[in-house]
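**Student:** Handing over model-v6.cif, mmCIF, N, CA, C and O atoms and all ligand atoms.
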data_upload
#
loop_
_atom_site.label_atom_id
_atom_site.label_comp_id
_atom_site.auth_asym_id
_atom_site.auth_seq_id
_atom_site.Cartn_x
_atom_site.Cartn_y
_atom_site.Cartn_z
N MET A 1 -10.23 5.97 24.88
CA MET A 1 -11.07 6.67 23.91
C MET A 1 -10.34 7.90 23.40
O MET A 1 -9.65 8.58 24.16
N ARG A 2 -10.51 8.15 22.14
CA ARG A 2 -9.89 9.32 21.54
C ARG A 2 -10.96 10.20 20.91
O ARG A 2 -11.91 9.70 20.33
N LYS A 3 -10.78 11.47 21.05
CA LYS A 3 -11.67 12.43 20.38
C LYS A 3 -10.84 13.23 19.41
O LYS A 3 -9.73 13.67 19.74
N TYR A 4 -11.33 13.40 18.22
CA TYR A 4 -10.61 14.15 17.19
C TYR A 4 -11.35 15.42 16.84
O TYR A 4 -12.58 15.49 16.95
N LYS A 5 -10.60 16.39 16.44
CA LYS A 5 -11.22 17.60 15.90
C LYS A 5 -10.62 17.85 14.52
O LYS A 5 -9.48 17.45 14.23
N LYS A 6 -11.40 18.47 13.66
CA LYS A 6 -10.94 18.75 12.31
C LYS A 6 -10.16 20.04 12.29
O LYS A 6 -10.54 21.02 12.93
N ILE A 7 -9.04 20.01 11.57
CA ILE A 7 -8.25 21.21 11.39
C ILE A 7 -8.00 21.40 9.89
O ILE A 7 -8.04 20.44 9.13
N SER A 8 -7.76 22.61 9.49
CA SER A 8 -7.41 22.90 8.10
C SER A 8 -5.90 22.97 7.96
O SER A 8 -5.23 23.57 8.80
N VAL A 9 -5.39 22.32 6.94
CA VAL A 9 -3.95 22.33 6.71
C VAL A 9 -3.68 22.93 5.34
O VAL A 9 -4.27 22.53 4.34
N GLU A 10 -2.80 23.92 5.31
CA GLU A 10 -2.44 24.54 4.05
C GLU A 10 -1.34 23.72 3.40
O GLU A 10 -0.37 23.32 4.05
N LYS A 11 -1.48 23.42 2.11
CA LYS A 11 -0.43 22.69 1.42
C LYS A 11 -0.20 23.29 0.05
O LYS A 11 -1.06 23.97 -0.50
N GLU A 12 0.98 23.03 -0.47
CA GLU A 12 1.34 23.55 -1.79
C GLU A 12 1.02 22.51 -2.84
O GLU A 12 1.28 21.32 -2.64
N ILE A 13 0.44 22.96 -3.95
CA ILE A 13 0.24 22.07 -5.09
C ILE A 13 0.93 22.70 -6.30
O ILE A 13 1.05 23.91 -6.41
N LEU A 14 1.39 21.84 -7.18
CA LEU A 14 2.08 22.30 -8.38
C LEU A 14 1.06 22.95 -9.32
O LEU A 14 0.10 22.31 -9.74
N GLU A 15 1.26 24.21 -9.61
CA GLU A 15 0.28 24.95 -10.40
C GLU A 15 0.72 25.11 -11.85
O GLU A 15 -0.08 24.96 -12.76
N GLU A 16 1.99 25.45 -12.06
CA GLU A 16 2.48 25.68 -13.41
C GLU A 16 3.87 25.09 -13.55
O GLU A 16 4.66 25.09 -12.59
N VAL A 17 4.18 24.58 -14.74
CA VAL A 17 5.51 24.07 -15.05
C VAL A 17 5.93 24.67 -16.39
O VAL A 17 5.12 24.70 -17.33
N TYR A 18 7.15 25.14 -16.47
CA TYR A 18 7.67 25.71 -17.72
C TYR A 18 8.86 24.89 -18.20
O TYR A 18 9.69 24.47 -17.39
N CYS A 19 8.96 24.69 -19.49
CA CYS A 19 10.09 23.99 -20.10
C CYS A 19 11.32 24.90 -20.02
O CYS A 19 11.27 26.06 -20.44
N ASN A 20 12.41 24.37 -19.48
CA ASN A 20 13.63 25.17 -19.34
C ASN A 20 14.30 25.46 -20.68
O ASN A 20 15.11 26.39 -20.77
N ILE A 21 13.99 24.69 -21.72
CA ILE A 21 14.62 24.92 -23.02
C ILE A 21 13.86 25.97 -23.82
O ILE A 21 14.43 26.98 -24.23
N CYS A 22 12.56 25.78 -24.03
CA CYS A 22 11.80 26.70 -24.90
C CYS A 22 11.02 27.75 -24.11
O CYS A 22 10.54 28.72 -24.69
N GLY A 23 10.87 27.55 -22.80
CA GLY A 23 10.17 28.53 -21.99
C GLY A 23 8.66 28.42 -22.03
O GLY A 23 7.97 29.20 -21.36
N GLN A 24 8.14 27.48 -22.82
CA GLN A 24 6.68 27.32 -22.92
C GLN A 24 6.12 26.64 -21.66
O GLN A 24 6.78 25.80 -21.05
N LYS A 25 4.89 27.02 -21.33
CA LYS A 25 4.22 26.40 -20.20
C LYS A 25 3.76 24.99 -20.59
O LYS A 25 3.25 24.80 -21.69
N ILE A 26 3.96 24.03 -19.69
CA ILE A 26 3.46 22.68 -19.93
C ILE A 26 1.94 22.72 -19.82
O ILE A 26 1.39 23.20 -18.83
N LYS A 27 1.27 22.24 -20.86
CA LYS A 27 -0.20 22.32 -20.90
C LYS A 27 -0.83 21.31 -19.95
O LYS A 27 -0.23 20.30 -19.60
N LYS A 28 -2.07 21.60 -19.56
CA LYS A 28 -2.85 20.68 -18.73
C LYS A 28 -4.06 20.21 -19.53
O LYS A 28 -4.55 20.93 -20.41
N ASP A 29 -4.54 19.02 -19.20
CA ASP A 29 -5.75 18.53 -19.86
C ASP A 29 -6.98 19.05 -19.10
O ASP A 29 -6.86 19.83 -18.17
N ASN A 30 -8.17 18.60 -19.49
CA ASN A 30 -9.41 19.07 -18.86
C ASN A 30 -9.52 18.68 -17.39
O ASN A 30 -10.35 19.22 -16.67
N HIS A 31 -8.71 17.72 -16.97
CA HIS A 31 -8.76 17.26 -15.57
C HIS A 31 -7.61 17.84 -14.75
O HIS A 31 -7.29 17.32 -13.68
N GLU A 32 -6.98 18.89 -15.27
CA GLU A 32 -5.89 19.57 -14.56
C GLU A 32 -4.63 18.71 -14.42
O GLU A 32 -3.82 18.95 -13.52
N HIS A 33 -4.49 17.68 -15.26
CA HIS A 33 -3.26 16.89 -15.26
C HIS A 33 -2.32 17.45 -16.32
O HIS A 33 -2.74 17.74 -17.44
N PHE A 34 -1.06 17.55 -15.97
CA PHE A 34 -0.08 18.06 -16.93
C PHE A 34 0.15 17.05 -18.04
O PHE A 34 0.15 15.84 -17.80
N GLU A 35 0.37 17.57 -19.26
CA GLU A 35 0.90 16.70 -20.31
C GLU A 35 2.24 16.18 -19.80
O GLU A 35 2.92 16.87 -19.04
N ASP A 36 2.62 14.99 -20.22
CA ASP A 36 3.84 14.41 -19.67
C ASP A 36 5.07 15.22 -20.09
O ASP A 36 5.11 15.79 -21.19
N TYR A 37 6.02 15.29 -19.21
CA TYR A 37 7.25 16.04 -19.46
C TYR A 37 8.36 15.41 -18.64
O TYR A 37 8.10 14.58 -17.77
N LEU A 38 9.59 15.80 -18.92
CA LEU A 38 10.74 15.27 -18.18
C LEU A 38 11.09 16.20 -17.03
O LEU A 38 11.27 17.40 -17.25
N HIS A 39 11.16 15.65 -15.83
CA HIS A 39 11.61 16.42 -14.66
C HIS A 39 12.88 15.77 -14.15
O HIS A 39 12.90 14.56 -13.91
N VAL A 40 13.94 16.55 -14.00
CA VAL A 40 15.22 16.01 -13.54
C VAL A 40 15.64 16.75 -12.27
O VAL A 40 15.56 17.98 -12.20
N GLU A 41 16.03 15.98 -11.26
CA GLU A 41 16.62 16.54 -10.05
C GLU A 41 17.93 15.83 -9.81
O GLU A 41 17.99 14.60 -9.85
N LYS A 42 18.97 16.60 -9.55
CA LYS A 42 20.29 16.02 -9.33
C LYS A 42 20.99 16.75 -8.19
O LYS A 42 21.13 17.98 -8.24
N VAL A 43 21.38 16.01 -7.18
CA VAL A 43 22.23 16.57 -6.12
C VAL A 43 23.63 16.06 -6.40
O VAL A 43 23.89 14.86 -6.38
N TRP A 44 24.53 16.99 -6.67
CA TRP A 44 25.90 16.62 -7.04
C TRP A 44 26.65 16.15 -5.82
O TRP A 44 26.53 16.70 -4.73
N GLY A 45 27.47 15.13 -6.02
CA GLY A 45 28.17 14.50 -4.91
C GLY A 45 29.61 14.95 -4.75
O GLY A 45 30.09 15.88 -5.43
N TYR A 46 30.28 14.28 -3.85
CA TYR A 46 31.64 14.63 -3.46
C TYR A 46 32.60 14.63 -4.65
O TYR A 46 33.44 15.51 -4.76
N ASN A 47 32.49 13.64 -5.52
CA ASN A 47 33.40 13.55 -6.67
C ASN A 47 32.91 14.39 -7.84
O ASN A 47 32.78 13.91 -8.97
N SER A 48 32.62 15.64 -7.57
CA SER A 48 32.25 16.58 -8.62
C SER A 48 32.75 17.95 -8.19
O SER A 48 33.16 18.13 -7.04
N ASN A 49 32.69 18.89 -9.10
CA ASN A 49 33.08 20.26 -8.71
C ASN A 49 31.87 21.07 -8.24
O ASN A 49 31.93 22.28 -8.14
N LYS A 50 30.74 20.38 -8.00
CA LYS A 50 29.52 21.05 -7.51
C LYS A 50 29.01 20.38 -6.25
O LYS A 50 27.80 20.32 -6.02
N ASP A 51 29.88 19.86 -5.43
CA ASP A 51 29.49 19.07 -4.26
C ASP A 51 28.36 19.73 -3.47
O ASP A 51 28.48 20.87 -3.04
N GLY A 52 27.27 19.01 -3.31
CA GLY A 52 26.14 19.49 -2.52
C GLY A 52 25.18 20.38 -3.29
O GLY A 52 24.10 20.70 -2.80
N LYS A 53 25.52 20.78 -4.51
CA LYS A 53 24.65 21.65 -5.29
C LYS A 53 23.50 20.84 -5.87
O LYS A 53 23.71 19.71 -6.33
N LYS A 54 22.29 21.40 -5.82
CA LYS A 54 21.13 20.72 -6.39
C LYS A 54 20.70 21.42 -7.66
O LYS A 54 20.48 22.63 -7.67
N ASP A 55 20.58 20.67 -8.73
CA ASP A 55 20.07 21.18 -9.99
C ASP A 55 18.73 20.51 -10.27
O ASP A 55 18.55 19.32 -9.99
N ASP A 56 17.80 21.26 -10.81
CA ASP A 56 16.56 20.63 -11.28
C ASP A 56 16.03 21.41 -12.46
O ASP A 56 16.22 22.63 -12.56
N PHE A 57 15.44 20.68 -13.41
CA PHE A 57 14.87 21.33 -14.58
C PHE A 57 13.78 20.47 -15.18
O PHE A 57 13.65 19.28 -14.85
N ASP A 58 12.98 21.12 -16.04
CA ASP A 58 11.86 20.45 -16.69
C ASP A 58 11.97 20.65 -18.19
O ASP A 58 12.36 21.71 -18.66
N ILE A 59 11.61 19.62 -18.94
CA ILE A 59 11.72 19.68 -20.40
C ILE A 59 10.42 19.14 -21.01
O ILE A 59 9.99 18.04 -20.66
N CYS A 60 9.82 19.91 -21.92
CA CYS A 60 8.59 19.47 -22.58
C CYS A 60 8.92 18.33 -23.57
O CYS A 60 10.08 18.12 -23.93
N GLN A 61 7.88 17.63 -24.00
CA GLN A 61 8.09 16.48 -24.89
C GLN A 61 8.76 16.89 -26.20
O GLN A 61 9.64 16.20 -26.71
N HIS A 62 8.35 18.04 -26.75
CA HIS A 62 8.90 18.51 -28.01
C HIS A 62 10.41 18.74 -27.89
O HIS A 62 11.19 18.27 -28.73
N CYS A 63 10.82 19.47 -26.86
CA CYS A 63 12.25 19.75 -26.67
C CYS A 63 13.01 18.49 -26.31
O CYS A 63 14.18 18.34 -26.69
N TYR A 64 12.38 17.59 -25.58
CA TYR A 64 13.02 16.32 -25.23
C TYR A 64 13.38 15.55 -26.50
O TYR A 64 14.50 15.06 -26.64
N GLU A 65 12.44 15.47 -27.45
CA GLU A 65 12.69 14.75 -28.70
C GLU A 65 13.86 15.37 -29.46
O GLU A 65 14.71 14.67 -30.01
N LYS A 66 13.89 16.72 -29.51
CA LYS A 66 14.99 17.41 -30.19
C LYS A 66 16.31 17.19 -29.46
O LYS A 66 17.35 16.99 -30.08
N TRP A 67 16.26 17.21 -28.11
CA TRP A 67 17.46 17.08 -27.29
C TRP A 67 18.10 15.71 -27.47
O TRP A 67 19.30 15.60 -27.71
N ILE A 68 17.31 14.65 -27.39
CA ILE A 68 17.89 13.31 -27.45
C ILE A 68 18.48 13.01 -28.83
O ILE A 68 19.36 12.16 -28.94
N LYS A 69 18.00 13.72 -29.86
CA LYS A 69 18.58 13.54 -31.19
C LYS A 69 20.01 14.09 -31.28
O LYS A 69 20.74 13.78 -32.21
N THR A 70 20.40 14.92 -30.30
CA THR A 70 21.75 15.47 -30.30
C THR A 70 22.75 14.53 -29.61
O THR A 70 23.95 14.79 -29.64
N PHE A 71 22.26 13.46 -28.99
CA PHE A 71 23.14 12.52 -28.29
C PHE A 71 23.98 11.74 -29.30
O PHE A 71 23.48 11.32 -30.33
N LYS A 72 25.26 11.57 -29.00
CA LYS A 72 26.13 10.76 -29.86
C LYS A 72 25.70 9.30 -29.85
O LYS A 72 25.77 8.60 -30.86
N ILE A 73 25.27 8.83 -28.69
CA ILE A 73 24.77 7.47 -28.56
C ILE A 73 23.27 7.57 -28.33
O ILE A 73 22.82 8.19 -27.37
N SER A 74 22.49 6.95 -29.23
CA SER A 74 21.04 7.08 -29.10
C SER A 74 20.54 6.30 -27.88
O SER A 74 21.16 5.32 -27.46
N ILE A 75 19.43 6.74 -27.35
CA ILE A 75 18.89 6.12 -26.14
C ILE A 75 18.07 4.89 -26.48
O ILE A 75 17.66 4.71 -27.61
ZN ZN B 1 10.24 22.90 -24.53
#
Would you give me this structure, written as structure tokens?
**Tutor:**
Amino acid sequence: MRKYKKISVEKEILEEVYCNICGQKIKKDNHEHFEDYLHVEKVWGYNSNKDGKKDDFDICQHCYEKWIKTFKISI
């Protein structure tokens, strides 16, 4: 037989996200869900000059559209 007791656990939730290009806050809808945006995380590997370095950034939809238009090869 097992007896359980309830405990409170503190956890972190994502509260705000800012676009790294324009600096604007990513908006939320009425249900506290973020408008869609691009989140990138990259841990650089051995064959780079940033071995072990972690980069991460967020881009809003507006800046994403502008950014991909600068690509030589379209996506
Ligand atoms: Zn932006």
**Student:** Residues within 7 Å of ligand ZN 1 (chain B), counting all atoms listed in the file: report them as a list in words.
**Tutor:** Tyr18, Cys19, Asn20, Ile21, Cys22, Gly23, Gln24, Asp58, Ile59, Cys60, Gln61, His62, Cys63 and Tyr64 of chain A
**Student:** Could you find all residues in chain A that DSSP calls alpha helix (DSSP H) from the backbone, and write them as number ranges by chain?
**Tutor:** A: 61-68
**Student:** Quick one: DSSP strand (DSSP E) residues in range 2-52 of chain A, as a ChimeraX atom specification?
**Tutor:** /A:37-43
**Student:** Figure out the distance between atom O of Phe71 in chain A and atom O of Val40 in chain A, please, to one decimal in Å.
**Tutor:**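 Straight-line distance from atom O of Val40 in chain A to atom O of Phe71 in chain A works out to 20.9 Å.
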**Student:** Rounded to one decimal, what separation in Å do you get between atom C of Glu35 in chain A and CA of Lys66 in chain A?
**Tutor:**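 A separation of 16.5 Å between them.
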**Student:** Looking at A:Asp29, A:Val43, A:Lys54, A:Phe34, which one is nearest to Leu14 in chain A, with distances taken over all atoms listed in the file?
**Tutor:** A:Phe34
**Student:** Could you work out an axis-aligned box for range 22-36 of chain A, taking every atom the file lists and adding 6 Å on each side, and report centre and edge lengths in Å to one decimal, as JSON?
**Tutor:**
{"center_x": 1.1, "center_y": 21.8, "center_z": -19.2, "size_x": 34.9, "size_y": 26.8, "size_z": 23.4}
**Student:** Any idea what the distance is between CA of Asp55 in chain A and CA of Asp36 in chain A?
**Tutor:** 20.1 Å
**Student:** Point out the residue among A:Met1, A:Tyr37, A:Lys42, A:Lys28 with the least atom-to-atom distance to Glu15 in chain A, counting all atoms listed in the file.
**Tutor:**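 Comparing A:Met1, A:Tyr37, A:Lys42, A:Lys28 against Glu15 in chain A, the winner is A:Lys28.
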**Student:** Have a look at A:Ser74, A:Ile68, A:Lys5, A:Asp56 and name the one nearest to His39 in chain A; count only C-alpha atoms.
**Tutor:**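 Going through A:Ser74, A:Ile68, A:Lys5, A:Asp56 one by one, the smallest distance to His39 in chain A is for A:Asp56.
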